[in-house]
Each structure stands twice: as C-alpha cells, then as structure tokens.
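Visitor: Coordinates in input33.txt, compact mmCIF, C-alpha atoms, are listed below.
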```
# COMPACT_ATOMS: atom_id res chain seq x y z
CA MET A 98 0.00 0.00 0.00
CA ALA A 99 2.74 2.46 0.89
CA HIS A 100 4.85 3.78 -1.94
CA GLU A 101 8.59 3.51 -2.01
CA HIS A 102 10.14 6.91 -1.53
CA ASP A 103 13.46 8.59 -1.70
CA HIS A 104 14.09 10.03 1.75
CA ASP A 105 17.19 12.07 1.09
CA ASP A 106 15.37 15.38 1.25
CA ARG A 107 13.52 14.86 4.50
CA ASP A 108 14.68 17.16 7.28
CA ASP A 109 11.75 16.48 9.58
CA HIS A 110 12.89 13.04 10.16
CA GLY A 111 16.60 12.61 10.04
CA SER A 112 18.87 12.00 12.98
CA GLU A 113 20.71 15.02 14.24
CA LEU A 114 23.14 12.58 15.58
CA SER A 115 26.29 13.78 17.21
CA GLU A 116 25.14 17.06 18.72
CA MET A 117 21.87 15.61 19.97
CA GLN A 118 23.51 12.45 21.25
CA LEU A 119 25.81 14.58 23.39
CA ARG A 120 23.11 16.93 24.63
CA VAL A 121 20.72 14.16 25.62
CA ARG A 122 23.50 12.21 27.30
CA ALA A 123 24.41 15.32 29.31
CA LEU A 124 20.78 15.80 30.28
CA GLU A 125 20.38 12.19 31.38
CA THR A 126 23.62 12.28 33.38
CA VAL A 127 22.69 15.47 35.22
CA LEU A 128 19.14 14.32 36.01
CA ALA A 129 20.44 10.95 37.23
CA GLU A 130 23.14 12.59 39.38
CA LYS A 131 20.43 14.82 40.86
CA GLY A 132 18.55 11.67 41.82
CA TYR A 133 15.49 12.40 39.68
CA ILE A 134 15.76 9.48 37.27
CA ASP A 135 17.17 5.96 37.31
CA PRO A 136 19.12 5.14 34.12
CA ALA A 137 18.01 1.50 34.41
CA ALA A 138 14.38 2.61 34.24
CA ILE A 139 15.22 4.76 31.21
CA ASP A 140 16.62 1.69 29.46
CA ALA A 141 13.56 -0.36 30.44
CA ILE A 142 11.19 2.21 28.91
CA ILE A 143 13.16 2.22 25.67
CA GLU A 144 13.17 -1.56 25.57
CA ALA A 145 9.41 -1.69 26.15
CA TYR A 146 8.69 0.61 23.22
CA GLU A 147 11.15 -1.17 20.97
CA THR A 148 10.08 -4.71 21.76
CA LYS A 149 6.78 -4.96 23.64
CA VAL A 150 4.30 -2.23 22.73
CA GLY A 151 3.26 -1.96 19.12
CA PRO A 152 0.54 -2.37 16.52
CA HIS A 153 0.52 -6.15 17.00
CA ILE A 154 -1.61 -5.44 20.09
CA GLY A 155 -4.16 -3.42 18.11
CA ALA A 156 -4.17 -6.11 15.43
CA ARG A 157 -5.22 -8.70 18.00
CA VAL A 158 -8.01 -6.40 19.17
CA VAL A 159 -9.30 -5.95 15.62
CA ALA A 160 -9.07 -9.67 14.83
CA LYS A 161 -11.05 -10.45 17.97
CA ALA A 162 -13.71 -7.91 16.99
CA TRP A 163 -13.94 -9.49 13.53
CA SER A 164 -14.41 -12.92 15.10
CA ASP A 165 -16.61 -12.25 18.10
CA PRO A 166 -19.73 -10.06 17.71
CA ALA A 167 -20.15 -9.68 21.47
CA PHE A 168 -16.58 -8.43 21.80
CA LYS A 169 -17.10 -6.07 18.89
CA ARG A 170 -20.16 -4.57 20.59
CA ALA A 171 -18.22 -4.20 23.82
CA LEU A 172 -15.28 -2.61 21.98
CA LEU A 173 -17.46 -0.02 20.28
CA GLU A 174 -19.31 0.62 23.53
CA HIS A 175 -16.31 1.00 25.83
CA ALA A 176 -12.98 0.22 24.21
CA SER A 177 -10.81 0.62 27.33
CA GLN A 178 -12.78 -2.01 29.26
CA ALA A 179 -13.07 -4.35 26.29
CA VAL A 180 -9.35 -4.27 25.52
CA LEU A 181 -8.50 -4.79 29.17
CA ALA A 182 -10.79 -7.83 29.30
CA LEU A 183 -8.90 -9.31 26.36
CA GLY A 184 -5.90 -9.79 28.63
CA LEU A 185 -3.23 -8.58 26.19
CA LEU A 186 -2.35 -5.72 28.51
CA ASN A 187 -2.26 -5.56 32.30
CA ARG A 188 -3.79 -2.11 32.29
CA VAL A 189 -5.41 0.13 29.71
CA GLY A 190 -5.84 3.89 29.92
CA ASP A 191 -9.35 5.11 30.51
CA HIS A 192 -10.09 7.00 27.34
CA LEU A 193 -9.70 4.64 24.39
CA ILE A 194 -12.45 4.87 21.77
CA ALA A 195 -12.91 2.50 18.80
CA VAL A 196 -14.60 3.84 15.67
CA GLU A 197 -15.99 1.47 13.06
CA ASN A 198 -15.52 1.61 9.32
CA THR A 199 -18.53 0.56 7.27
CA PRO A 200 -19.25 0.41 3.52
CA LYS A 201 -20.70 3.94 3.91
CA LEU A 202 -18.14 5.52 6.26
CA HIS A 203 -14.36 5.59 6.49
CA ASN A 204 -12.72 6.95 9.66
CA MET A 205 -9.31 8.61 9.94
CA ILE A 206 -7.44 9.67 13.10
CA VAL A 207 -5.19 12.71 13.43
CA CYS A 208 -3.81 15.06 16.05
CA THR A 209 -3.50 18.45 14.35
CA LEU A 210 -2.06 20.12 17.48
CA CYS A 211 0.67 17.66 18.47
CA SER A 212 0.98 13.87 18.21
CA CYS A 213 -1.79 12.25 20.28
CA TYR A 214 -2.02 8.59 19.32
CA PRO A 215 -3.24 5.39 20.99
CA TRP A 216 0.20 4.30 22.23
CA GLU A 217 -1.03 1.38 24.28
CA VAL A 218 -2.54 -0.45 21.33
CA LEU A 219 -0.40 0.87 18.43
CA GLY A 220 2.95 1.71 20.04
CA LEU A 221 4.70 4.97 19.22
CA PRO A 222 3.43 6.92 16.22
CA PRO A 223 5.35 6.84 12.93
CA VAL A 224 7.16 10.00 11.84
CA TRP A 225 4.58 10.80 9.14
CA TYR A 226 1.77 10.87 11.73
CA LYS A 227 3.61 13.63 13.62
CA SER A 228 4.65 15.51 10.50
CA ALA A 229 3.35 18.84 9.18
CA PRO A 230 2.01 17.37 5.92
CA TYR A 231 -0.27 14.89 7.71
CA ARG A 232 -1.37 17.20 10.52
CA SER A 233 -2.17 20.05 8.14
CA ARG A 234 -4.01 18.10 5.45
CA ALA A 235 -5.86 15.30 7.23
CA VAL A 236 -8.68 17.57 8.37
CA ASN A 237 -9.45 19.22 5.04
CA ASP A 238 -8.08 16.90 2.38
CA PRO A 239 -8.24 13.38 3.81
CA ARG A 240 -8.79 11.82 0.40
CA GLY A 241 -5.64 13.51 -0.83
CA VAL A 242 -3.81 12.07 2.17
CA LEU A 243 -5.21 8.63 1.40
CA ASN A 244 -3.96 9.06 -2.14
CA ASP A 245 -0.44 9.61 -0.74
CA PHE A 246 -0.83 6.18 0.83
CA GLY A 247 -2.01 4.68 -2.44
CA VAL A 248 -5.55 4.24 -1.11
CA THR A 249 -8.73 5.15 -2.97
CA LEU A 250 -12.03 4.60 -1.20
CA PRO A 251 -14.93 3.02 -3.08
CA ALA A 252 -17.47 5.52 -4.44
CA GLY A 253 -20.23 6.23 -1.95
CA THR A 254 -17.95 6.19 1.08
CA ASP A 255 -18.23 9.22 3.34
CA ILE A 256 -15.16 10.21 5.30
CA ARG A 257 -14.92 11.20 8.95
CA VAL A 258 -11.79 12.66 10.50
CA TRP A 259 -11.29 12.53 14.29
CA ASP A 260 -8.98 15.25 15.59
CA SER A 261 -7.51 14.02 18.90
CA THR A 262 -7.66 17.34 20.71
CA ALA A 263 -8.10 15.94 24.25
CA GLU A 264 -7.00 12.85 26.20
CA THR A 265 -9.44 10.61 24.40
CA ARG A 266 -7.60 8.28 21.99
CA PHE A 267 -9.01 6.66 18.88
CA ILE A 268 -8.44 3.41 17.05
CA VAL A 269 -10.18 2.56 13.77
CA LEU A 270 -11.94 -0.78 13.51
CA PRO A 271 -11.52 -1.55 9.80
CA MET A 272 -13.85 -3.77 7.77
CA ARG A 273 -13.04 -7.46 7.66
CA PRO A 274 -11.72 -8.37 4.22
CA SER A 275 -13.76 -10.75 2.12
CA GLY A 276 -12.62 -14.31 1.62
CA THR A 277 -11.57 -14.73 5.26
CA GLU A 278 -14.53 -16.78 6.47
CA GLY A 279 -13.49 -19.34 9.04
CA TRP A 280 -10.04 -17.85 9.58
CA SER A 281 -8.50 -18.04 13.05
CA GLU A 282 -7.98 -14.82 15.01
CA GLU A 283 -4.26 -15.26 14.63
CA LYS A 284 -4.51 -15.45 10.86
CA LEU A 285 -6.92 -12.53 10.74
CA ALA A 286 -4.53 -10.43 12.84
CA ALA A 287 -1.92 -10.82 10.09
CA LEU A 288 -4.22 -8.81 7.80
CA VAL A 289 -4.38 -5.87 10.19
CA THR A 290 -1.82 -3.17 9.43
CA ARG A 291 -0.95 -0.25 11.67
CA ASP A 292 -2.17 2.17 9.03
CA CYS A 293 -5.60 0.56 8.74
CA MET A 294 -6.08 1.20 12.47
CA ILE A 295 -5.24 4.90 11.93
CA GLY A 296 -7.44 5.08 8.85
CA THR A 297 -4.70 5.85 6.34
CA GLY A 298 -4.79 2.30 5.03
CA LEU A 299 -7.03 -0.69 4.49
CA PRO A 300 -6.40 -4.19 5.81
CA LYS A 301 -4.47 -6.58 3.62
CA GLN A 302 -6.49 -8.72 1.24
CA ALA A 303 -6.86 -12.42 1.99
CA ARG A 304 -4.74 -13.37 -1.02
CA GLU A 305 -1.81 -11.25 0.26
CA ILE A 306 -1.12 -13.61 3.14
CA ALA A 307 -2.85 -16.83 2.12
CA MET B 652 -1.61 30.26 21.53
CA ASN B 653 -1.87 30.80 17.79
CA GLY B 654 1.37 28.98 17.08
CA LEU B 655 2.77 26.92 14.25
CA HIS B 656 1.83 23.76 16.11
CA ASP B 657 -1.82 24.45 15.25
CA MET B 658 -1.49 23.02 11.75
CA GLY B 659 -4.98 21.89 10.75
CA GLY B 660 -5.82 23.26 7.30
CA MET B 661 -2.45 24.89 6.58
CA HIS B 662 -1.11 24.60 3.04
CA GLY B 663 2.30 24.07 1.52
CA PHE B 664 3.78 21.24 3.57
CA GLY B 665 3.63 18.80 0.68
CA ARG B 666 2.68 15.17 0.55
CA VAL B 667 2.67 12.67 3.38
CA GLU B 668 5.64 10.34 3.04
CA PRO B 669 5.28 7.04 4.85
CA GLU B 670 8.58 5.29 5.53
CA PRO B 671 8.49 1.55 4.83
CA ASN B 672 9.67 -0.56 7.77
CA GLU B 673 10.22 2.50 9.91
CA PRO B 674 12.21 1.82 13.09
CA VAL B 675 10.72 2.83 16.45
CA PHE B 676 13.60 5.28 16.93
CA HIS B 677 15.89 6.72 14.27
CA ALA B 678 18.79 7.34 16.65
CA GLU B 679 19.74 6.22 20.15
CA TRP B 680 19.17 9.66 21.66
CA GLU B 681 15.55 9.69 20.47
CA GLY B 682 14.63 6.76 22.71
CA HIS B 683 16.49 8.32 25.62
CA THR B 684 14.71 11.62 25.07
CA LEU B 685 11.33 9.92 25.17
CA ALA B 686 12.21 7.84 28.23
CA ILE B 687 13.69 10.75 30.20
CA THR B 688 10.56 12.76 29.45
CA ARG B 689 8.38 9.92 30.73
CA ALA B 690 10.51 9.39 33.83
CA MET B 691 10.50 13.10 34.70
CA GLY B 692 6.74 13.25 34.13
CA TYR B 693 6.40 10.39 36.63
CA THR B 694 8.05 12.49 39.34
CA GLY B 695 5.10 14.89 39.18
CA VAL B 696 7.14 18.02 38.45
CA TRP B 697 4.92 18.97 35.51
CA THR B 698 1.62 18.06 33.88
CA ILE B 699 1.22 16.72 30.35
CA ASP B 700 -0.34 20.06 29.41
CA GLN B 701 2.72 21.97 30.63
CA THR B 702 4.88 19.75 28.45
CA ARG B 703 2.68 20.39 25.40
CA ALA B 704 2.89 24.12 26.06
CA GLY B 705 6.65 23.70 26.32
CA ILE B 706 6.77 22.46 22.73
CA GLU B 707 4.37 25.11 21.45
CA GLU B 708 6.45 27.89 22.99
CA LEU B 709 9.61 26.93 21.12
CA PRO B 710 10.56 29.71 18.66
CA PRO B 711 8.66 29.18 15.38
CA ASP B 712 11.78 28.63 13.28
CA ILE B 713 13.03 26.04 15.75
CA TYR B 714 9.62 24.35 15.86
CA LEU B 715 9.52 23.92 12.10
CA SER B 716 13.13 22.98 11.50
CA SER B 717 13.62 20.49 14.35
CA SER B 718 12.79 16.81 14.19
CA TYR B 719 10.09 15.54 16.56
CA TYR B 720 12.40 14.22 19.25
CA LYS B 721 14.74 17.18 18.96
CA LYS B 722 11.78 19.32 19.96
CA TRP B 723 11.25 17.00 22.93
CA ALA B 724 14.91 17.31 23.95
CA LEU B 725 14.85 21.11 23.68
CA ARG B 726 11.70 21.15 25.77
CA LEU B 727 13.30 18.96 28.44
CA GLU B 728 16.30 21.27 28.71
CA LYS B 729 14.03 24.30 28.93
CA LEU B 730 11.64 22.82 31.51
CA VAL B 731 14.27 21.46 33.89
CA VAL B 732 16.03 24.83 33.91
CA ALA B 733 12.80 26.85 34.17
CA LEU B 734 11.62 24.78 37.15
CA GLY B 735 14.97 25.04 38.88
CA LEU B 736 15.59 21.29 38.68
CA ALA B 737 19.03 21.78 37.09
CA GLY B 738 21.14 24.71 36.00
CA ALA B 739 21.91 25.56 32.40
CA ASP B 740 25.58 25.45 33.44
CA GLU B 741 25.14 21.89 34.68
CA LEU B 742 23.54 20.78 31.41
CA LYS B 743 26.39 22.40 29.53
CA ALA B 744 28.98 20.71 31.72
CA GLY B 745 27.18 17.35 31.57
CA HIS B 746 27.45 16.91 35.33
CA ALA B 747 25.54 18.06 38.38
CA SER B 748 27.36 20.55 40.59
CA GLN B 749 24.50 21.03 43.05
CA PRO B 750 22.37 18.42 44.84
CA GLY B 751 18.92 17.77 43.41
CA LYS B 752 15.60 18.84 44.86
CA THR B 753 13.41 16.31 46.64
CA LEU B 754 10.69 15.17 44.24
CA LYS B 755 7.47 13.28 44.99
CA ARG B 756 8.55 9.99 43.48
CA LYS B 757 11.08 8.35 41.21
CA LEU B 758 10.44 5.82 38.46
CA THR B 759 12.13 2.47 39.10
CA VAL B 760 12.51 -0.47 36.74
CA ALA B 761 9.71 -2.21 38.64
CA ASP B 762 7.38 0.74 37.96
CA VAL B 763 8.00 0.80 34.22
CA PRO B 764 5.31 -1.67 33.02
CA ALA B 765 2.58 0.18 34.94
CA SER B 766 3.94 3.55 33.86
CA LEU B 767 3.33 2.66 30.22
CA THR B 768 -0.40 2.88 30.90
CA ARG B 769 -1.85 6.31 30.43
CA GLY B 770 -3.24 7.94 33.52
CA SER B 771 -6.86 8.91 33.88
CA PHE B 772 -7.79 12.49 33.12
CA ALA B 773 -11.40 12.07 34.27
CA ARG B 774 -12.38 14.08 37.33
CA PRO B 775 -15.56 14.45 39.41
CA ALA B 776 -17.87 17.00 37.82
CA PRO B 777 -18.18 20.25 39.75
CA SER B 778 -21.46 21.06 37.97
CA PRO B 779 -23.94 19.43 35.57
CA ALA B 780 -23.10 19.34 31.86
CA ARG B 781 -24.54 22.23 29.83
CA PHE B 782 -24.90 20.19 26.64
CA LYS B 783 -26.07 16.74 25.63
CA SER B 784 -25.73 14.55 22.58
CA GLY B 785 -27.57 16.02 19.60
CA ASP B 786 -27.26 19.64 20.74
CA ARG B 787 -26.14 22.22 18.21
CA VAL B 788 -23.20 24.20 19.53
CA ARG B 789 -20.95 26.97 18.26
CA THR B 790 -17.29 27.00 19.15
CA LYS B 791 -16.17 30.30 20.58
CA ASN B 792 -13.99 32.68 18.63
CA ILE B 793 -11.20 32.81 21.19
CA HIS B 794 -7.48 33.40 20.78
CA PRO B 795 -5.80 32.80 24.12
CA GLN B 796 -2.08 33.60 24.16
CA THR B 797 -1.54 30.56 26.37
CA HIS B 798 -2.12 26.84 25.76
CA THR B 799 -5.49 25.75 24.41
CA ARG B 800 -6.80 22.62 22.71
CA LEU B 801 -9.34 24.38 20.51
CA PRO B 802 -7.68 24.43 17.08
CA ARG B 803 -7.98 27.60 15.01
CA TYR B 804 -9.74 25.89 12.12
CA ALA B 805 -12.60 24.90 14.43
CA ARG B 806 -13.22 28.27 16.09
CA GLY B 807 -16.47 30.14 15.49
CA HIS B 808 -18.17 27.19 13.78
CA VAL B 809 -21.44 25.37 14.35
CA GLY B 810 -21.39 21.65 14.98
CA VAL B 811 -23.35 18.93 16.75
CA VAL B 812 -22.52 17.26 20.04
CA GLU B 813 -22.08 13.64 19.06
CA ALA B 814 -20.92 12.16 22.36
CA MET B 815 -20.21 13.14 25.94
CA ARG B 816 -16.82 11.97 27.18
CA GLY B 817 -17.13 12.79 30.86
CA CYS B 818 -15.52 15.52 32.90
CA HIS B 819 -11.76 15.93 32.41
CA VAL B 820 -8.76 17.97 33.48
CA PHE B 821 -8.94 21.26 31.55
CA PRO B 822 -5.69 21.64 29.59
CA ASP B 823 -5.97 25.42 29.32
CA SER B 824 -5.73 25.62 33.14
CA SER B 825 -3.41 22.70 33.75
CA ALA B 826 -0.84 24.09 31.31
CA LEU B 827 -0.56 27.19 33.48
CA GLY B 828 0.00 25.17 36.64
CA ALA B 829 -3.43 26.37 37.75
CA GLY B 830 -4.78 22.97 38.76
CA ASP B 831 -7.21 20.55 37.13
CA ASN B 832 -10.23 22.89 36.83
CA PRO B 833 -12.32 19.94 35.53
CA GLN B 834 -14.61 20.59 32.56
CA TRP B 835 -17.07 18.52 30.56
CA LEU B 836 -15.66 17.10 27.35
CA TYR B 837 -17.68 16.46 24.17
CA THR B 838 -17.06 15.08 20.72
CA VAL B 839 -18.36 17.83 18.42
CA ARG B 840 -18.86 16.99 14.75
CA PHE B 841 -18.75 19.57 11.97
CA GLU B 842 -19.67 19.33 8.32
CA GLY B 843 -16.57 19.78 6.20
CA ARG B 844 -18.27 22.66 4.38
CA GLU B 845 -18.95 24.47 7.65
CA LEU B 846 -15.19 24.47 8.34
CA TRP B 847 -13.70 24.86 4.89
CA GLY B 848 -16.35 26.41 2.65
CA GLU B 849 -18.72 25.35 -0.07
CA ASN B 850 -16.13 23.89 -2.42
CA THR B 851 -15.24 21.26 0.15
CA ASP B 852 -15.85 17.53 -0.31
CA PRO B 853 -19.53 17.19 0.71
CA THR B 854 -18.89 13.75 2.21
CA LEU B 855 -16.37 15.07 4.76
CA THR B 856 -17.13 15.47 8.45
CA VAL B 857 -14.54 16.39 11.08
CA SER B 858 -14.79 16.14 14.84
CA ILE B 859 -12.84 17.68 17.66
CA GLU B 860 -12.85 16.82 21.34
CA ALA B 861 -14.17 20.06 22.80
CA PHE B 862 -14.14 21.17 26.41
CA GLU B 863 -17.28 22.94 27.58
CA PRO B 864 -15.64 26.39 27.98
CA TYR B 865 -14.95 26.29 24.21
CA LEU B 866 -18.67 26.00 23.40
CA GLU B 867 -21.86 28.03 23.40
CA ALA B 868 -25.39 27.01 22.40
CA ALA B 869 -26.24 27.51 18.73
```
Translate this file's structure into structure tokens.

Guide:
Amino acid sequence: MAHEHDHDDRDDHGSELSEMQLRVRALETVLAEKGYIDPAAIDAIIEAYETKVGPHIGARVVAKAWSDPAFKRALLEHASQAVLALGLLNRVGDHLIAVENTPKLHNMIVCTLCSCYPWEVLGLPPVWYKSAPYRSRAVNDPRGVLNDFGVTLPAGTDIRVWDSTAETRFIVLPMRPSGTEGWSEEKLAALVTRDCMIGTGLPKQAREIA
Amino acid sequence: MNGLHDMGGMHGFGRVEPEPNEPVFHAEWEGHTLAITRAMGYTGVWTIDQTRAGIEELPPDIYLSSSYYKKWALRLEKLVVALGLAGADELKAGHASQPGKTLKRKLTVADVPASLTRGSFARPAPSPARFKSGDRVRTKNIHPQTHTRLPRYARGHVGVVEAMRGCHVFPDSSALGAGDNPQWLYTVRFEGRELWGENTDPTLTVSIEAFEPYLEAA
C-alpha cells in the first residue's frame, strides 16, 4: 500500500546525531546525578517501546472484533474495558475509543495540534503521523492524504476525521476483508496493518497472506 | 496560543511520506529523550499540558526545523532549567554541581510496566453538563495567548454534540500550573463545508474533542 520513496530530502525526520547524542547524554547524566531518574528505568522504557508495545496489540483487538460479535459490541461501547478484558495488557488507559468503518463511512485519526495517538494499542506513532504534511491536510483533504498512501475509497464512502484534541484516543476498527470466512484470530490479525487502524490504510487482502 | 503547532488546514507542507519498515527510533538519543521525558513526568514536576505548552512555545523557526524528538529534547532542557531542577551550566557541563531537589517519586525499573499505561484524566464533575448529545453548539472565537486545545480551524463554527466523554482535566488551566479545573468534554462533529467552505468535499465530516468552555449554544 505504501509507496517507495526517496528520503534524502527529509529534514523532519533525520537523525541530528552527534550534537543531539551529546546533549541528551548530558541531560540524562545530570538528572540521574540529581537523583530524579534511574538510568536502568530509562533503558527499560526504551526496551518496552522497541520490543513490547506496538501495533501487534491493536491487530489482535481488531481480529477479535472481527471474530466475536459480542466483543465487537463491547469494543465499540467501551474500548478501554473491552481491551483490558482481552488480557493482552495488564492495564489500559481510561479513554480509548474504537470507531468502526462501514461500507458507507471511512474513519481517519489525526492530532493536528501535536501527536496524540493510541500508544497502548499501536505503540509509538510513525514520523509521518507527527509531520506537518499529515497534521495540516488530514482535516481538510483526507482523500488527498489517502492518495499519498495509495488508497482510494470506493465511491459512496463518506469520510470522517477525528482530531484528537483531548486525552481521548481513537483506534479505527476496519472492515473485515472478504474471503476470510473461518479464519482463526491469529490469521486474521496478520491482515491488520498499523495504518488501517489509523485510517490511512485498508487491511491486507486475503490473497496477500494466504 | 496561535502557534505553528496548530497546523490543521495549513497549506504548503507537501505530501505525506510514509517510511516503509520504519524503526521505532531513528537514533539512540531519540529513545532516551522519550524515556527521560516519561521518567521526569512520573516524578510529578509537571503536567502533560505543561509539556505540550513547552513544545508550542519553542521559537517558530526552531519548531519547524527540528525533528520531533529534537523538539522533545529542547523542551526537556528548557523545563528542567525553568523549574529550577538543574542549571543551564550543569547541562552544559554534563554533570551536576548542586544536589537535586526532593521530588514526589522516582520511576524504578519495577514501575516501568505500569507507567506505560496512560493515567486517567477524568475528574468528578463540579457542575452538571450544559450540553447533551444532539445539541447544536458553536465553538467560541477565542485566541488565548496561552495553551489551548481548541484548534484555530474549528473556532467560530457550528457543529453537533455527538458524544459526551465525561468531565476531564482542563488543559488550558493545567498548562498554566493552575490545577485541574475539571470541565465537561464532548465530541463535536462539523460538516466539512462548515469548516472549509462550499467547495469542500460534501462527504467530509470532522470532529474535535471540545471542552465545555470552548462552546456556546447555537
């Protein structure tokens, strides 16, 4: 779905390596020497975001919703409680909201003011989600944004953009692809991309992983 | 504040460029910047709204030209100095020359799993909600110089209350260190044409999460 791109001209995104490495190291050293932070806890947070928290969690939530109508109702009613009950996470923040795509409505999530994103179920946001192009255009040209992702919605699909301007967090429940009848939750989860849970993509087609 | 961070509807930033197989962090210092920010937040020295204001108050040229985590690192430096938690001279030297202040708590390795869960921003309601689902509301035409979560593109427009989200910490107050000042929160949905004019895609609707002080009856 995503295009291949040449990234050489992207300032918003590159590593400002040596200077920033030194400055952040100085900051961490001073704050640790002051007794405010524990470097071992810093390393544990980094490890958690690199290895434990990520869109695989959201994918399991979506696959469950595709498989279990009662869970889907619970998810759309109160996503925080439903996700907690699934047992993938020990705790879930209070303000998660799931919004459902239908043949008539496509949902897209943005934070125009900063970078609000459902970290617990999707991990840390990708650079594009936090970038000026996405934040500026999602609210008035979402179909143009979808086009950047190589996605065209079927005719007759309305589009709804959710600007995350408070502590509520949104996850899109995409439509279950056709040709997946009888699939296990595990196999269904392999169809669920990060972008389809943000609304900038669609799930993979059955034939892509079969 | 009417800053560059308030990007909804701006033109000229070009196309969205997804990066295939993007790593979680693009450099080691990015992960450290995120983790230090989380660990300092855990000590209770600032609220999430004060940290957002800290990014918004970066000089506009710095805001636009710095990568995401560079902005976070600049904010950290600024906040720890502004709150007297460390001296600019100490950051420059890379070592503490004065003992630290006593903070409420310190994040340990054992606390990390629980700390990954977002806190609750819901608070007991000091008064009944003014609006209910289905009500027509107009967002106020306000331009506070301090932190607000009402984006410019959604000011002075008529929408419909689609959902009530409970009573939450009010960012506009919390960012000033003025306490929680809890306010009712609503999802307010606007027609795309109401926000962007008659040439807009007629199938577009946009919602914001609007605190009650941003709204009046319409």

Visitor: As a ChimeraX atom specification, could you give me every residue of chain A near chain B (at most 7 Å apart, counting only C-alpha atoms)?

Guide: /A:99,109-110,112,114,117-118,121,123-127,130-135,137-139,141-143,147,188-191,209-211,217,221,225,229-234,236-237,242,245,255-264

Visitor: If we count all atoms listed in the file and set the cut-off at 12 Å, which residues sit around Gln796 (chain B), ignoring sequence neighbours fewer than 6 positions away in its own chain? Please answer as a PyMOL selection string.

Guide: chain B and resi 652-654+704+707-708+823+826-827

Visitor: What is the CA of Thr297 (chain A) to CA of Val218 (chain A) distance in Å?

Guide: 16.4 Å

Visitor: What separation in Å, quoted to one decimal, exists between CA of Arg774 (chain B) and CA of Cys213 (chain A)?

Guide: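 Result for CA of Arg774 (chain B) versus CA of Cys213 (chain A): 20.2 Å, one decimal.
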
Visitor: Could you please determine the separation between CA of Ile268 (chain A) and CA of Asn204 (chain A) in Å, to one decimal place?

Guide: 9.2 Å

Visitor: Excluding Arg291 (chain A) and any residue of its chain fewer than 5 positions from it, enumerate the residues within 8 Å of it, using all atoms listed in the file, and give them as a ChimeraX atom specification.

Guide: /A:152,155-156,219

Visitor: Kindly output region 676-688 of chain B as a PDB file, in the coordinates of the input, after building N, CA and C atoms.

Guide:
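Saved the output as out-v3.pdb:
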```
ATOM      1  N   PHE B 676      12.783   4.075  16.769  1.00  0.00           N
ATOM      2  CA  PHE B 676      13.600   5.280  16.930  1.00  0.00           C
ATOM      3  C   PHE B 676      14.617   5.334  15.800  1.00  0.00           C
ATOM      4  N   HIS B 677      14.936   6.566  15.365  1.00  0.00           N
ATOM      5  CA  HIS B 677      15.890   6.720  14.270  1.00  0.00           C
ATOM      6  C   HIS B 677      17.309   6.967  14.767  1.00  0.00           C
ATOM      7  N   ALA B 678      17.462   7.170  16.049  1.00  0.00           N
ATOM      8  CA  ALA B 678      18.790   7.340  16.650  1.00  0.00           C
ATOM      9  C   ALA B 678      18.659   7.003  18.130  1.00  0.00           C
ATOM     10  N   GLU B 679      19.769   6.630  18.742  1.00  0.00           N
ATOM     11  CA  GLU B 679      19.740   6.220  20.150  1.00  0.00           C
ATOM     12  C   GLU B 679      19.178   7.324  21.048  1.00  0.00           C
ATOM     13  N   TRP B 680      19.590   8.566  20.772  1.00  0.00           N
ATOM     14  CA  TRP B 680      19.170   9.660  21.660  1.00  0.00           C
ATOM     15  C   TRP B 680      17.664   9.894  21.620  1.00  0.00           C
ATOM     16  N   GLU B 681      17.003   9.492  20.539  1.00  0.00           N
ATOM     17  CA  GLU B 681      15.550   9.690  20.470  1.00  0.00           C
ATOM     18  C   GLU B 681      14.843   8.856  21.554  1.00  0.00           C
ATOM     19  N   GLY B 682      15.225   7.598  21.679  1.00  0.00           N
ATOM     20  CA  GLY B 682      14.630   6.760  22.710  1.00  0.00           C
ATOM     21  C   GLY B 682      14.923   7.286  24.107  1.00  0.00           C
ATOM     22  N   HIS B 683      16.149   7.763  24.306  1.00  0.00           N
ATOM     23  CA  HIS B 683      16.490   8.320  25.620  1.00  0.00           C
ATOM     24  C   HIS B 683      15.683   9.579  25.913  1.00  0.00           C
ATOM     25  N   THR B 684      15.485  10.388  24.883  1.00  0.00           N
ATOM     26  CA  THR B 684      14.710  11.620  25.070  1.00  0.00           C
ATOM     27  C   THR B 684      13.286  11.294  25.495  1.00  0.00           C
ATOM     28  N   LEU B 685      12.689  10.322  24.806  1.00  0.00           N
ATOM     29  CA  LEU B 685      11.330   9.920  25.170  1.00  0.00           C
ATOM     30  C   LEU B 685      11.297   9.375  26.596  1.00  0.00           C
ATOM     31  N   ALA B 686      12.239   8.506  26.923  1.00  0.00           N
ATOM     32  CA  ALA B 686      12.210   7.840  28.230  1.00  0.00           C
ATOM     33  C   ALA B 686      12.493   8.818  29.366  1.00  0.00           C
ATOM     34  N   ILE B 687      13.415   9.741  29.161  1.00  0.00           N
ATOM     35  CA  ILE B 687      13.690  10.750  30.200  1.00  0.00           C
ATOM     36  C   ILE B 687      12.441  11.603  30.421  1.00  0.00           C
ATOM     37  N   THR B 688      11.782  11.957  29.333  1.00  0.00           N
ATOM     38  CA  THR B 688      10.560  12.760  29.450  1.00  0.00           C
ATOM     39  C   THR B 688       9.505  12.022  30.266  1.00  0.00           C
TER      40      THR B 688
END
```
